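One file, query-v5.csv, is given below (CSV, C-alpha atoms and all ligand atoms).
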chain,number,residue,atom,x,y,z
A,14,MET,CA,13.4,-12.4,-19.9
A,15,SER,CA,10.7,-9.7,-19.8
A,16,SER,CA,11.2,-7.8,-16.6
A,17,THR,CA,13.9,-6.1,-14.6
A,18,PRO,CA,15.6,-8.5,-12.2
A,19,PRO,CA,15.4,-7.4,-8.6
A,20,SER,CA,18.8,-6.2,-7.4
A,21,THR,CA,18.7,-7.8,-3.9
A,22,LEU,CA,16.9,-11.1,-4.5
A,23,HIS,CA,17.0,-13.3,-1.5
A,24,VAL,CA,17.9,-16.5,-3.3
A,25,SER,CA,21.4,-17.7,-3.0
A,26,SER,CA,23.0,-21.1,-3.8
A,27,SER,CA,22.7,-21.9,-0.1
A,28,THR,CA,18.9,-21.2,-0.2
A,29,ALA,CA,18.5,-23.2,-3.4
A,30,ASP,CA,20.4,-26.2,-1.9
A,31,ALA,CA,18.8,-25.9,1.5
A,32,ALA,CA,17.4,-29.1,3.0
A,33,PRO,CA,13.6,-28.9,3.1
A,34,ASP,CA,13.5,-28.8,6.9
A,35,THR,CA,15.5,-25.6,6.8
A,36,LEU,CA,13.6,-23.8,4.1
A,37,HIS,CA,10.7,-21.8,5.5
A,38,VAL,CA,7.8,-21.3,3.2
A,39,ALA,CA,5.0,-18.7,3.9
A,40,VAL,CA,1.7,-19.6,2.3
A,41,ILE,CA,-0.5,-16.5,2.0
A,42,GLY,CA,-4.1,-17.6,1.8
A,43,ALA,CA,-5.6,-20.4,3.8
A,44,GLY,CA,-8.4,-21.5,1.4
A,45,LYS,CA,-8.7,-24.4,-0.9
A,46,ALA,CA,-5.5,-23.9,-2.8
A,47,GLY,CA,-3.4,-22.6,0.1
A,48,THR,CA,-4.1,-25.5,2.4
A,49,ALA,CA,-3.5,-28.1,-0.2
A,50,ILE,CA,-0.2,-26.5,-1.1
A,51,ALA,CA,0.7,-26.2,2.6
A,52,ARG,CA,0.0,-29.9,3.2
A,53,SER,CA,2.1,-30.9,0.2
A,54,LEU,CA,5.0,-28.7,1.5
A,55,LEU,CA,4.7,-30.2,5.0
A,56,ASP,CA,4.7,-33.7,3.6
A,57,ALA,CA,7.9,-32.9,1.6
A,58,GLY,CA,9.6,-31.7,4.8
A,59,TYR,CA,9.4,-28.0,4.5
A,60,ARG,CA,8.7,-25.6,7.4
A,61,VAL,CA,5.4,-23.9,6.6
A,62,SER,CA,3.6,-20.9,7.9
A,63,ILE,CA,0.1,-19.9,6.7
A,64,SER,CA,-1.8,-16.7,6.9
A,65,ALA,CA,-5.2,-15.3,5.8
A,66,SER,CA,-6.6,-11.8,5.8
A,67,GLY,CA,-6.8,-11.5,9.6
A,68,ASP,CA,-5.8,-12.5,13.0
A,69,PRO,CA,-3.9,-15.9,12.9
A,70,SER,CA,-5.6,-17.0,16.1
A,71,ARG,CA,-8.7,-17.4,13.9
A,72,LEU,CA,-6.8,-20.0,11.9
A,73,GLU,CA,-5.6,-22.2,14.8
A,74,LEU,CA,-8.5,-24.7,14.9
A,75,MET,CA,-8.7,-25.0,11.2
A,76,ILE,CA,-5.0,-25.6,10.9
A,77,ASP,CA,-5.0,-28.3,13.6
A,78,PHE,CA,-7.4,-30.3,11.5
A,79,VAL,CA,-6.6,-29.3,7.9
A,80,THR,CA,-2.9,-28.5,7.8
A,81,PRO,CA,-1.4,-29.9,11.0
A,82,GLY,CA,2.2,-28.8,11.4
A,83,ALA,CA,1.8,-25.4,9.7
A,84,GLU,CA,2.2,-22.3,11.9
A,85,PRO,CA,-0.5,-19.7,11.7
A,86,LYS,CA,0.9,-16.2,11.4
A,87,TRP,CA,0.0,-12.6,10.5
A,88,THR,CA,0.8,-12.2,6.8
A,89,HIS,CA,3.4,-9.6,7.6
A,90,ASP,CA,5.2,-11.9,10.0
A,91,ALA,CA,5.0,-14.9,7.8
A,92,VAL,CA,6.6,-13.1,4.9
A,93,THR,CA,9.3,-11.6,7.1
A,94,ASP,CA,10.3,-15.0,8.4
A,95,ALA,CA,10.2,-16.9,5.1
A,96,ASP,CA,12.7,-18.0,2.4
A,97,LEU,CA,9.9,-18.4,-0.1
A,98,VAL,CA,6.5,-16.9,-0.3
A,99,VAL,CA,3.4,-18.6,-1.9
A,100,LEU,CA,0.6,-16.3,-3.0
A,101,ALA,CA,-2.6,-18.3,-2.8
A,102,LEU,CA,-5.2,-15.6,-2.3
A,103,PRO,CA,-7.8,-14.3,-4.9
A,104,LEU,CA,-6.3,-11.9,-7.3
A,105,HIS,CA,-8.7,-9.1,-6.3
A,106,ARG,CA,-7.2,-9.3,-2.8
A,107,LEU,CA,-3.6,-8.9,-4.0
A,108,LYS,CA,-3.8,-5.1,-3.6
A,109,ASN,CA,-3.7,-5.7,0.1
A,110,ILE,CA,-0.2,-7.1,0.0
A,111,ASP,CA,2.6,-4.5,0.4
A,112,PRO,CA,5.0,-4.7,-2.6
A,113,ALA,CA,7.8,-3.3,-0.5
A,114,HIS,CA,7.5,-6.3,1.8
A,115,LEU,CA,7.9,-8.8,-1.0
A,116,ALA,CA,10.9,-7.0,-2.5
A,117,GLY,CA,14.0,-9.2,-2.8
A,118,ARG,CA,11.9,-12.4,-2.3
A,119,VAL,CA,11.1,-15.4,-4.5
A,120,VAL,CA,7.3,-15.4,-4.7
A,121,ILE,CA,5.2,-18.2,-6.1
A,122,ASP,CA,2.2,-17.0,-8.0
A,123,THR,CA,-0.5,-19.7,-7.9
A,124,MET,CA,-3.3,-17.3,-8.9
A,125,ASN,CA,-5.6,-17.2,-11.8
A,126,TYR,CA,-7.8,-14.3,-12.9
A,127,TRP,CA,-11.3,-15.5,-12.4
A,128,PRO,CA,-13.9,-12.7,-13.1
A,129,PRO,CA,-16.8,-14.4,-11.3
A,130,VAL,CA,-14.7,-14.2,-8.1
A,131,ASP,CA,-12.4,-11.4,-8.9
A,132,GLY,CA,-14.7,-9.0,-10.7
A,133,GLU,CA,-13.5,-6.8,-13.5
A,134,ILE,CA,-9.9,-5.8,-12.9
A,135,PRO,CA,-8.8,-3.8,-15.9
A,136,ALA,CA,-5.1,-4.8,-15.9
A,137,PHE,CA,-6.0,-8.5,-15.9
A,138,ALA,CA,-9.2,-8.3,-18.0
A,139,ALA,CA,-7.4,-6.6,-20.8
A,140,GLY,CA,-6.0,-10.1,-21.7
A,141,ASP,CA,-3.1,-8.7,-23.6
A,142,ARG,CA,-0.6,-10.5,-21.4
A,143,PRO,CA,-0.6,-13.3,-18.9
A,144,SER,CA,-1.8,-12.5,-15.4
A,145,SER,CA,1.6,-13.4,-13.9
A,146,GLU,CA,3.3,-10.6,-15.9
A,147,VAL,CA,0.9,-8.2,-14.3
A,148,VAL,CA,1.6,-9.7,-10.9
A,149,GLN,CA,5.3,-9.2,-11.5
A,150,GLU,CA,4.7,-5.6,-12.5
A,151,MET,CA,2.7,-5.1,-9.2
A,152,PHE,CA,5.7,-6.5,-7.2
A,153,PRO,CA,8.7,-5.2,-9.2
A,154,GLY,CA,11.2,-6.1,-6.5
A,155,ALA,CA,10.2,-9.7,-6.2
A,156,ALA,CA,11.1,-12.6,-8.4
A,157,VAL,CA,7.6,-14.0,-9.4
A,158,VAL,CA,7.5,-17.7,-10.4
A,159,LYS,CA,4.2,-19.1,-11.6
A,160,THR,CA,3.4,-22.7,-10.6
A,161,PHE,CA,0.5,-24.8,-9.0
A,162,SER,CA,-1.9,-22.5,-10.9
A,163,HIS,CA,-2.9,-25.0,-13.6
A,164,THR,CA,-3.9,-27.9,-11.3
A,165,GLY,CA,-7.0,-28.1,-9.2
A,166,TYR,CA,-6.5,-28.0,-5.5
A,167,HIS,CA,-8.3,-31.4,-5.2
A,168,HIS,CA,-5.8,-33.0,-7.6
A,169,LEU,CA,-2.6,-31.6,-6.2
A,170,GLU,CA,-2.1,-34.1,-3.4
A,171,PRO,CA,-3.6,-37.3,-5.0
A,172,ASP,CA,-1.5,-36.7,-8.2
A,173,ARG,CA,1.8,-36.7,-6.4
A,174,ARG,CA,4.2,-39.5,-7.3
A,175,PRO,CA,7.8,-40.3,-6.5
A,176,ALA,CA,10.5,-39.5,-9.1
A,177,GLY,CA,10.6,-42.0,-11.9
A,178,HIS,CA,7.1,-43.3,-11.3
A,179,PRO,CA,5.4,-44.0,-14.6
A,180,GLU,CA,2.3,-42.0,-13.6
A,181,ARG,CA,4.3,-38.9,-12.4
A,182,LEU,CA,2.8,-35.7,-13.8
A,183,GLY,CA,4.5,-32.4,-14.6
A,184,LEU,CA,4.0,-28.9,-13.2
A,185,ALA,CA,5.1,-25.8,-15.2
A,186,VAL,CA,7.5,-23.5,-13.3
A,187,ALA,CA,7.7,-20.2,-15.1
A,188,GLY,CA,9.6,-17.1,-14.3
A,189,ASP,CA,11.9,-14.4,-15.6
A,190,GLN,CA,14.8,-15.3,-13.3
A,191,ARG,CA,16.6,-18.5,-13.7
A,192,ASP,CA,17.7,-18.8,-10.0
A,193,ALA,CA,14.2,-18.3,-8.8
A,194,VAL,CA,12.8,-20.9,-11.3
A,195,ALA,CA,15.5,-23.3,-10.1
A,196,LEU,CA,14.6,-22.9,-6.5
A,197,VAL,CA,10.9,-23.4,-7.1
A,198,SER,CA,11.6,-26.3,-9.4
A,199,SER,CA,13.4,-28.1,-6.6
A,200,VAL,CA,10.4,-27.6,-4.4
A,201,VAL,CA,8.0,-28.9,-7.0
A,202,GLU,CA,10.3,-31.9,-7.6
A,203,ARG,CA,10.3,-32.8,-3.8
A,204,ILE,CA,6.5,-32.4,-3.6
A,205,GLY,CA,6.1,-35.1,-6.2
A,206,TYR,CA,6.0,-33.6,-9.7
A,207,ASP,CA,8.4,-33.2,-12.6
A,208,PRO,CA,9.1,-29.5,-12.9
A,209,VAL,CA,8.9,-28.1,-16.4
A,210,PRO,CA,10.8,-24.8,-16.5
A,211,VAL,CA,9.5,-22.0,-18.7
A,212,ASP,CA,11.9,-19.2,-18.8
A,213,SER,CA,9.5,-16.2,-19.0
A,214,LEU,CA,6.3,-15.1,-17.5
A,215,ALA,CA,5.3,-13.8,-20.9
A,216,GLY,CA,5.0,-17.4,-22.0
A,217,THR,CA,2.4,-18.6,-19.4
A,218,GLY,CA,-0.8,-18.0,-21.4
A,219,PHE,CA,-1.1,-21.8,-22.0
A,220,LEU,CA,-1.3,-22.4,-18.2
A,221,GLN,CA,-4.2,-20.0,-17.7
A,222,PRO,CA,-8.0,-20.6,-17.7
A,223,GLY,CA,-8.9,-21.3,-21.3
A,224,GLY,CA,-5.4,-22.4,-22.1
A,225,PRO,CA,-4.6,-26.0,-23.1
A,226,ALA,CA,-2.7,-26.9,-19.9
A,227,PHE,CA,-5.2,-25.5,-17.5
A,228,GLY,CA,-6.7,-28.4,-15.4
A,229,ALA,CA,-5.3,-30.9,-17.9
A,230,ARG,CA,-3.1,-33.0,-15.6
A,231,LEU,CA,-0.3,-33.6,-18.1
A,232,THR,CA,3.1,-35.4,-17.9
A,233,ALA,CA,6.2,-33.3,-18.2
A,234,ALA,CA,6.7,-34.4,-21.8
A,235,GLU,CA,3.1,-33.3,-22.7
A,236,LEU,CA,3.6,-30.0,-20.9
A,237,ARG,CA,6.9,-29.4,-22.6
A,238,GLY,CA,5.2,-30.0,-25.9
A,239,LEU,CA,2.6,-27.4,-25.2
A,240,ALA,CA,5.1,-24.9,-23.9
A,241,ALA,CA,7.2,-25.3,-27.0
A,242,VAL,CA,4.3,-24.1,-29.1
A,243,THR,CA,3.6,-21.1,-27.0
A,244,ALA,CA,6.6,-20.3,-24.8
A,245,PRO,CA,10.4,-20.7,-24.7
A,246,VAL,CA,11.4,-23.6,-22.5
A,247,ALA,CA,14.5,-23.3,-20.3
L,1,LIG,N1,-9.2,-23.7,-6.0
L,1,LIG,C1,-8.3,-24.2,-6.9
L,1,LIG,O1,-8.4,-25.4,-7.3
L,1,LIG,C2,-7.1,-23.4,-7.3
L,1,LIG,C3,-6.1,-24.0,-8.0
L,1,LIG,C4,-5.0,-23.3,-8.4
L,1,LIG,C5,-4.9,-22.0,-8.1
L,1,LIG,N2,-5.9,-21.4,-7.4
L,1,LIG,C6,-5.8,-19.9,-7.1
L,1,LIG,O2,-5.5,-19.8,-5.7
L,1,LIG,C7,-6.1,-18.6,-5.3
L,1,LIG,C8,-7.0,-18.8,-4.1
L,1,LIG,O3,-8.1,-19.7,-4.5
L,1,LIG,P1,-8.9,-20.6,-3.5
L,1,LIG,O4,-9.7,-21.4,-4.3
L,1,LIG,O5,-7.9,-21.2,-2.5
L,1,LIG,O6,-9.7,-19.5,-2.7
L,1,LIG,P2,-10.4,-19.5,-1.3
L,1,LIG,O7,-10.7,-21.0,-1.0
L,1,LIG,O8,-11.6,-18.6,-1.4
L,1,LIG,O9,-9.4,-19.0,-0.3
L,1,LIG,C9,-8.9,-17.7,-0.3
L,1,LIG,C10,-8.0,-17.4,0.9
L,1,LIG,O10,-7.3,-16.2,0.7
L,1,LIG,C11,-7.3,-15.5,1.9
L,1,LIG,N3,-7.1,-14.1,1.7
L,1,LIG,C12,-7.9,-13.2,1.2
L,1,LIG,N4,-7.4,-11.9,1.2
L,1,LIG,C13,-6.2,-12.1,1.9
L,1,LIG,C14,-5.2,-11.2,2.2
L,1,LIG,N5,-5.3,-9.9,2.0
L,1,LIG,N6,-4.1,-11.6,2.8
L,1,LIG,C15,-4.0,-13.0,3.1
L,1,LIG,N7,-4.9,-13.9,2.8
L,1,LIG,C16,-6.0,-13.4,2.2
L,1,LIG,C17,-8.6,-15.9,2.5
L,1,LIG,O11,-8.6,-15.6,3.9
L,1,LIG,P3,-9.9,-14.8,4.6
L,1,LIG,O12,-11.0,-15.8,4.6
L,1,LIG,O13,-9.4,-14.5,5.9
L,1,LIG,O14,-10.2,-13.6,3.7
L,1,LIG,C18,-8.7,-17.3,2.2
L,1,LIG,O15,-8.0,-18.1,3.2
L,1,LIG,C19,-6.9,-18.0,-6.5
L,1,LIG,O16,-6.1,-16.9,-7.1
L,1,LIG,C20,-7.0,-19.1,-7.4
L,1,LIG,O17,-7.1,-18.7,-8.8
L,1,LIG,C21,-7.0,-22.0,-7.0
Just give me the structure of the file as structure tokens.
Ligand SMILES: NC(=O)c1ccc[n+]([C@@H]2O[C@H](COP(=O)([O-])OP(=O)(O)OC[C@H]3O[C@@H](n4cnc5c(N)ncnc54)[C@H](OP(=O)(O)O)[C@@H]3O)[C@@H](O)[C@H]2O)c1
Amino acid sequence: MSSTPPSTLHVSSSTADAAPDTLHVAVIGAGKAGTAIARSLLDAGYRVSISASGDPSRLELMIDFVTPGAEPKWTHDAVTDADLVVLALPLHRLKNIDPAHLAGRVVIDTMNYWPPVDGEIPAFAAGDRPSSEVVQEMFPGAAVVKTFSHTGYHHLEPDRRPAGHPERLGLAVAGDQRDAVALVSSVVERIGYDPVPVDSLAGTGFLQPGGPAFGARLTAAELRGLAAVTAPVA
């Protein structure tokens, strides 16, 4: 475990065991990744809100067609109301999210550092540690869990399979806090993937662009094999 656990984390056994229809997930970012994740969450029975960088009324028409059932909100309101927050915005826009507002929350980091889009951001460009470790440092009061980042948005929905299906794939679920990893693993499982817990953000280099798991569409066993080489597996 590489970072200090938040002292008032909003994850309890009741949250972790909550039925999907009572767990409210805020997806921050209404682009390619955010909308695919939102649809997958809705299909799995979760309550979903979605926000972008501005007025939610600008999202209404798009949501009707692209993520029907999701509720458009201001980012601040979406986070306030949520049990779980998904960051699906470009990394260079992350500075616009207030760290105090995410304190005590479980936060899924779907983001990859992508210089052609993000530009040169020294903390990420240094490359001496995985991007999610930097994100955790930017949001010290949150429990950051990395998942969804190593699959393309266009594969996320078609690759879903029920538990036990021979073609079911794995998704890594990495974080420094076991409770938060367990909560997010239950979500990944319900969406249609075998979660592969990785018990530190420091061990997520293999999931990043250029890493062996990035875009590779692997089974849980294959992902575990890669994680075992580069990261401790929970
Ligand atoms: N594309 C993929 O296949 C894929 C897969 C895995 C992970 N990811 C990661 O997901 C993230 C988003 O990628 P994308 O391809 O979905 O990008 P995208 O299609 O360009 O969408 C970005 C979204 O983020 C929103 N946004 C920007 N600044 C925001 C802010 N301050 N608050 C709230 N929302 C904000 C944008 O809203 P506005 O238009 O209102 O600014 C837009 O809806 C990236 O970090 C990427 O690495 C992408």
Write out as a tab-separated table a residue-level contact list of stretch 199-242 of chain A versus stretch 134-145 of chain A with cut-off 12 Å: for each qualifying residue the closest pair of atoms and the distance in Å to one decimal, counting only C-alpha atoms, rows sorted by chain and residue number upward.
residue	atom	partner	partner_atom	distance
A:Ser213	CA	A:Ser145	CA	9.8
A:Leu214	CA	A:Ser145	CA	6.2
A:Ala215	CA	A:Pro143	CA	6.2
A:Gly216	CA	A:Pro143	CA	7.6
A:Thr217	CA	A:Pro143	CA	6.1
A:Gly218	CA	A:Pro143	CA	5.3
A:Phe219	CA	A:Pro143	CA	9.1
A:Leu220	CA	A:Pro143	CA	9.2
A:Gln221	CA	A:Pro143	CA	7.7
A:Pro222	CA	A:Ser144	CA	10.5
A:Gly223	CA	A:Gly140	CA	11.6
A:Gly224	CA	A:Pro143	CA	10.8
Exercise for review: Between A:Leu169, A:Ala185, A:Leu104, A:Ala49, single out the one closest to ligand LIG 1 (chain L), counting only C-alpha atoms and all ligand atoms.
Suggested key: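 So, comparing all the options, the nearest one is A:Leu104.
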**Study point:** Interatomic distance, atom CA of A:Lys45 to atom O12 of ligand LIG 1 (chain L) (Å, one decimal)
**Key:**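 About the pair atom CA of A:Lys45 and atom O12 of ligand LIG 1 (chain L): they are 10.5 Å apart.
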Exercise for review: Please check which protein, DNA or RNA residues sit within 7 Å of ligand LIG 1 (chain L), counting only C-alpha atoms and all ligand atoms, and write them as a PyMOL selection string.
Suggested key: chain A and resi 41-47+64-67+88+101-104+106-107+109-110+123-127+161-167
**Study point:** atom CA of A:Asp111 to atom CA of A:Leu55, distance in Å rounded to a single decimal
**Key:** 26.2 Å
